[in-house]
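This report refers to the structure that appears directly beneath it.
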Amino acid sequence: MPAPYTAAPCPSRSTSLELIAQVKDQVKENIRKDEYDVSSFYHRKGFCQWLARHPRFENLTLLVIGLNALWIWVDTDLNPGPMLIMSPPVFQFAEHFFCCYFSYEWTIRFLAFKRKRDCLRDFWFVFDSFLVWTMIIETWMMSAVFLVAMGSIGGGMGNASILRIARLLRLTRMARMARLLRALPELLILIKGMVAALRSVCFALGLLVLILYVFGIAFTQLSEDTSLEEDWFSSVLHSMNTLLIYGALMDEISSLVIEIENESIALLLFFYVFILLAALTVMN
């Protein structure tokens, strides 16, 4: 005779909570194991590694980065010189100060690596290296080249090619502001979220373009020989641009609505259908 069936005992609430706590601890431990720390590549002894690890040095660097970001604003608005050597002394002093500090900070971090090739494994160090060397080229090397060029052309200041290169190099200074991302990981999380949502955004924009194309053809054909044709719907591209600006983005939509209403109520209802699809559905 078969043994009677007995149900397996259900785990108690306390046992379930213990299992959940164990899973959480295991996840936290895995996160700690995978956490990246560039200081693991540093020397264990020495002044450079001690300074590179020191939190006050890191905070001072972040302060200088913030001041440099503000100084770019001041320099852009108030500096009349196209190059550093042609700028007022206060702008020259500020640029030399920032260049000296960032060069010193880069040197300390480079010397802190136990194996120098490990610096290529750290994204932020490679990025900072590009910024620092760009600053050195702009601040010191281009100034020396410009002085030599001035001497070769008799002291003139009109070498247009050098001035254009100098302006292009000054544009790279905006990339320094990206270093603030290292101190604000929340911004990196937002950027990663935007990148993750980029695929969906592209599909939404593709759908919007398709709707614009279909309604652009329709409005171009329906507006033939009307007062709307010349100003609003003269061609398919013109119609798509009109629908995008006034229908999808709803910029001064009342002016177009009044024009369509004066021409045809049926065309106005058709325009409302486009707004429902594009502005209120896809764009939201």
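Ordered as shown in the structure tokens, chains take letters A, B, and onward, while each chain numbers its residues from 1 and ligands are numbered from 1 in the order shown.
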
Exercise: stretch 249-251 of chain A partners within 12 Å, only C-alpha atoms, chain neighbours under 5 positions left out, as a list in words: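 Listing them by chain and then by number gives Leu208, Asn241, Thr242, Leu243, Leu244, Leu256, Val257, Phe271, Tyr272, Phe274, Ile275, Leu276, Ala278, Ala279, Leu280, Val282, Met283 and Asn284 of chain A.
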
Same residues, all heavy atoms, output as a short mmCIF file (atom, residue, chain, number, x, y, z; two decimals), in the first residue's frame:
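Writing the result to out20.cif gives the following:
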data_model
loop_
_atom_site.label_atom_id
_atom_site.label_comp_id
_atom_site.auth_asym_id
_atom_site.auth_seq_id
_atom_site.Cartn_x
_atom_site.Cartn_y
_atom_site.Cartn_z
N LEU A 208 7.62 60.09 -36.75
CA LEU A 208 7.22 61.48 -36.98
C LEU A 208 7.53 61.90 -38.41
O LEU A 208 6.72 62.58 -39.06
CB LEU A 208 7.94 62.39 -35.99
CG LEU A 208 7.66 63.89 -36.13
CD1 LEU A 208 6.19 64.20 -35.90
CD2 LEU A 208 8.53 64.68 -35.16
N ASN A 241 7.88 71.11 -43.66
CA ASN A 241 8.46 72.11 -42.75
C ASN A 241 7.36 72.90 -42.03
O ASN A 241 7.45 73.15 -40.82
CB ASN A 241 9.36 73.06 -43.53
CG ASN A 241 10.01 74.10 -42.65
OD1 ASN A 241 10.88 73.80 -41.84
ND2 ASN A 241 9.59 75.35 -42.80
N THR A 242 6.31 73.26 -42.75
CA THR A 242 5.20 73.98 -42.14
C THR A 242 4.52 73.13 -41.07
O THR A 242 4.22 73.60 -39.96
CB THR A 242 4.18 74.39 -43.21
OG1 THR A 242 4.82 75.26 -44.17
CG2 THR A 242 3.00 75.11 -42.60
N LEU A 243 4.27 71.86 -41.39
CA LEU A 243 3.61 70.98 -40.43
C LEU A 243 4.49 70.73 -39.21
O LEU A 243 3.98 70.61 -38.09
CB LEU A 243 3.25 69.66 -41.11
CG LEU A 243 2.18 69.74 -42.21
CD1 LEU A 243 2.04 68.40 -42.92
CD2 LEU A 243 0.85 70.19 -41.63
N LEU A 244 5.82 70.64 -39.41
CA LEU A 244 6.72 70.41 -38.29
C LEU A 244 6.72 71.61 -37.35
O LEU A 244 6.60 71.44 -36.12
CB LEU A 244 8.14 70.14 -38.80
CG LEU A 244 9.23 70.02 -37.74
CD1 LEU A 244 8.97 68.84 -36.83
CD2 LEU A 244 10.61 69.92 -38.38
N LEU A 256 -1.52 79.87 -38.50
CA LEU A 256 -1.83 78.90 -39.55
C LEU A 256 -3.27 78.41 -39.43
O LEU A 256 -3.95 78.21 -40.45
CB LEU A 256 -0.85 77.73 -39.47
CG LEU A 256 -1.06 76.61 -40.49
CD1 LEU A 256 -0.99 77.13 -41.92
CD2 LEU A 256 -0.04 75.50 -40.28
N VAL A 257 -3.75 78.23 -38.21
CA VAL A 257 -5.13 77.78 -38.02
C VAL A 257 -6.12 78.77 -38.61
O VAL A 257 -7.10 78.39 -39.27
CB VAL A 257 -5.40 77.54 -36.52
CG1 VAL A 257 -6.89 77.34 -36.27
CG2 VAL A 257 -4.62 76.32 -36.02
N PHE A 271 -6.09 69.09 -40.48
CA PHE A 271 -4.92 69.62 -39.76
C PHE A 271 -4.99 69.24 -38.27
O PHE A 271 -3.96 68.92 -37.66
CB PHE A 271 -4.86 71.13 -39.93
CG PHE A 271 -3.67 71.77 -39.26
CD1 PHE A 271 -2.38 71.53 -39.69
CD2 PHE A 271 -3.85 72.62 -38.17
CE1 PHE A 271 -1.29 72.11 -39.08
CE2 PHE A 271 -2.77 73.22 -37.55
CZ PHE A 271 -1.49 72.96 -38.01
N TYR A 272 -6.17 69.24 -37.70
CA TYR A 272 -6.32 68.81 -36.31
C TYR A 272 -5.98 67.33 -36.14
O TYR A 272 -5.45 66.93 -35.09
CB TYR A 272 -7.74 69.08 -35.83
CG TYR A 272 -8.04 70.54 -35.54
CD1 TYR A 272 -9.34 71.05 -35.62
CD2 TYR A 272 -7.02 71.41 -35.18
CE1 TYR A 272 -9.60 72.38 -35.34
CE2 TYR A 272 -7.28 72.74 -34.91
CZ TYR A 272 -8.57 73.23 -35.00
OH TYR A 272 -8.81 74.55 -34.73
N PHE A 274 -3.72 65.80 -37.86
CA PHE A 274 -2.26 65.77 -37.84
C PHE A 274 -1.72 66.17 -36.46
O PHE A 274 -0.78 65.54 -35.94
CB PHE A 274 -1.70 66.70 -38.91
CG PHE A 274 -0.21 66.90 -38.80
CD1 PHE A 274 0.67 65.94 -39.26
CD2 PHE A 274 0.30 68.05 -38.21
CE1 PHE A 274 2.03 66.10 -39.14
CE2 PHE A 274 1.67 68.22 -38.08
CZ PHE A 274 2.54 67.24 -38.55
N ILE A 275 -2.29 67.21 -35.87
CA ILE A 275 -1.84 67.63 -34.53
C ILE A 275 -2.06 66.52 -33.52
O ILE A 275 -1.20 66.26 -32.66
CB ILE A 275 -2.59 68.91 -34.10
CG1 ILE A 275 -2.21 70.08 -35.01
CG2 ILE A 275 -2.29 69.25 -32.65
CD1 ILE A 275 -2.97 71.35 -34.70
N LEU A 276 -3.19 65.82 -33.61
CA LEU A 276 -3.47 64.72 -32.70
C LEU A 276 -2.43 63.61 -32.82
O LEU A 276 -1.99 63.05 -31.82
CB LEU A 276 -4.88 64.17 -32.97
CG LEU A 276 -5.33 62.98 -32.11
CD1 LEU A 276 -5.41 63.37 -30.65
CD2 LEU A 276 -6.67 62.46 -32.60
N ALA A 278 0.75 63.82 -34.40
CA ALA A 278 2.15 64.23 -34.29
C ALA A 278 2.47 64.87 -32.93
O ALA A 278 3.34 64.40 -32.21
CB ALA A 278 2.51 65.21 -35.42
N ALA A 279 1.72 65.92 -32.60
CA ALA A 279 2.06 66.69 -31.40
C ALA A 279 1.61 66.00 -30.12
O ALA A 279 2.35 65.96 -29.14
CB ALA A 279 1.45 68.08 -31.49
N LEU A 280 0.38 65.47 -30.12
CA LEU A 280 -0.18 64.92 -28.89
C LEU A 280 0.10 63.44 -28.68
O LEU A 280 -0.12 62.95 -27.58
CB LEU A 280 -1.69 65.18 -28.87
CG LEU A 280 -2.11 66.65 -28.97
CD1 LEU A 280 -3.63 66.77 -28.92
CD2 LEU A 280 -1.46 67.48 -27.87
N VAL A 282 2.88 61.27 -30.86
CA VAL A 282 4.29 60.92 -31.09
C VAL A 282 5.21 61.79 -30.24
O VAL A 282 6.13 61.28 -29.59
CB VAL A 282 4.64 61.04 -32.59
CG1 VAL A 282 6.12 60.74 -32.79
CG2 VAL A 282 3.77 60.10 -33.40
N MET A 283 4.99 63.09 -30.22
CA MET A 283 5.90 64.00 -29.53
C MET A 283 5.81 63.86 -28.01
O MET A 283 6.70 64.32 -27.28
CB MET A 283 5.60 65.44 -29.92
CG MET A 283 5.86 65.74 -31.39
SD MET A 283 7.61 65.61 -31.83
CE MET A 283 8.26 67.08 -31.05
N ASN A 284 4.74 63.28 -27.51
CA ASN A 284 4.61 63.05 -26.08
C ASN A 284 5.06 61.66 -25.68
O ASN A 284 5.01 61.32 -24.51
CB ASN A 284 3.16 63.28 -25.62
CG ASN A 284 2.83 64.77 -25.59
OD1 ASN A 284 3.70 65.59 -25.38
ND2 ASN A 284 1.56 65.10 -25.81
#

Hey, which bits of stretch 64-142 of chain A sit within 9 Å of stretch 172-176 of chain A, and for each residue what's the closest pair of atoms and how far apart in Å (one decimal), counting only C-alpha atoms, rows by chain and increasing number, as a Markdown table?
| residue | atom | partner | partner_atom | distance |
| --- | --- | --- | --- | --- |
| A:Ile65 | CA | A:Arg176 | CA | 7.6 |
| A:Asn68 | CA | A:Arg176 | CA | 8.3 |
| A:Ala69 | CA | A:Arg176 | CA | 7.4 |
| A:Ile72 | CA | A:Arg173 | CA | 7.7 |
| A:Asp128 | CA | A:Arg176 | CA | 8.2 |
| A:Leu131 | CA | A:Arg176 | CA | 6.5 |
| A:Val132 | CA | A:Arg176 | CA | 8.9 |
| A:Thr134 | CA | A:Thr172 | CA | 7.5 |
| A:Met135 | CA | A:Arg173 | CA | 7.4 |

Export, as a compact mmCIF listing (two decimals), in the first residue's frame, the selected residues with N, CA and C atoms.
# COMPACT_ATOMS: atom_id res chain seq x y z
N ILE A 65 38.90 73.07 -11.64
CA ILE A 65 38.12 72.77 -12.85
C ILE A 65 36.87 73.66 -12.91
N ASN A 68 37.94 77.14 -13.77
CA ASN A 68 38.30 77.21 -15.18
C ASN A 68 37.07 77.25 -16.07
N ALA A 69 36.04 76.49 -15.69
CA ALA A 69 34.80 76.52 -16.47
C ALA A 69 34.17 77.91 -16.43
N ILE A 72 36.27 80.38 -18.63
CA ILE A 72 36.01 80.29 -20.07
C ILE A 72 34.91 81.28 -20.46
N ASP A 128 41.94 63.18 -19.76
CA ASP A 128 42.64 64.33 -19.19
C ASP A 128 43.95 64.60 -19.93
N LEU A 131 43.18 66.62 -22.95
CA LEU A 131 42.85 68.00 -22.62
C LEU A 131 44.09 68.79 -22.19
N VAL A 132 44.94 68.17 -21.39
CA VAL A 132 46.12 68.87 -20.90
C VAL A 132 47.07 69.18 -22.04
N THR A 134 46.34 69.47 -25.19
CA THR A 134 45.72 70.50 -26.02
C THR A 134 45.91 71.88 -25.40
N MET A 135 45.77 71.97 -24.08
CA MET A 135 45.99 73.25 -23.39
C MET A 135 47.44 73.70 -23.51

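Minimum atom-to-atom distances from A:Ile85, A:Leu51, A:Ala218, A:Glu18 to A:Ala144 were compared using only C-alpha atoms, and the lowest value belongs to A:Ile85.
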
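Taking only C-alpha atoms, the non-local environment of A:Phe47 within 12 Å (same-chain residues fewer than 3 positions away omitted) comprises Tyr42, His43, Arg44, Trp50, Leu51, Ala52, Arg53, His54, Ile108, Arg109, Leu111, Ala112 and Phe113 of chain A.
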
Closest of A:Trp232, A:Arg179, A:Leu169, A:Leu267 to A:Leu84 - atom-to-atom distances counting only C-alpha atoms: A:Leu169
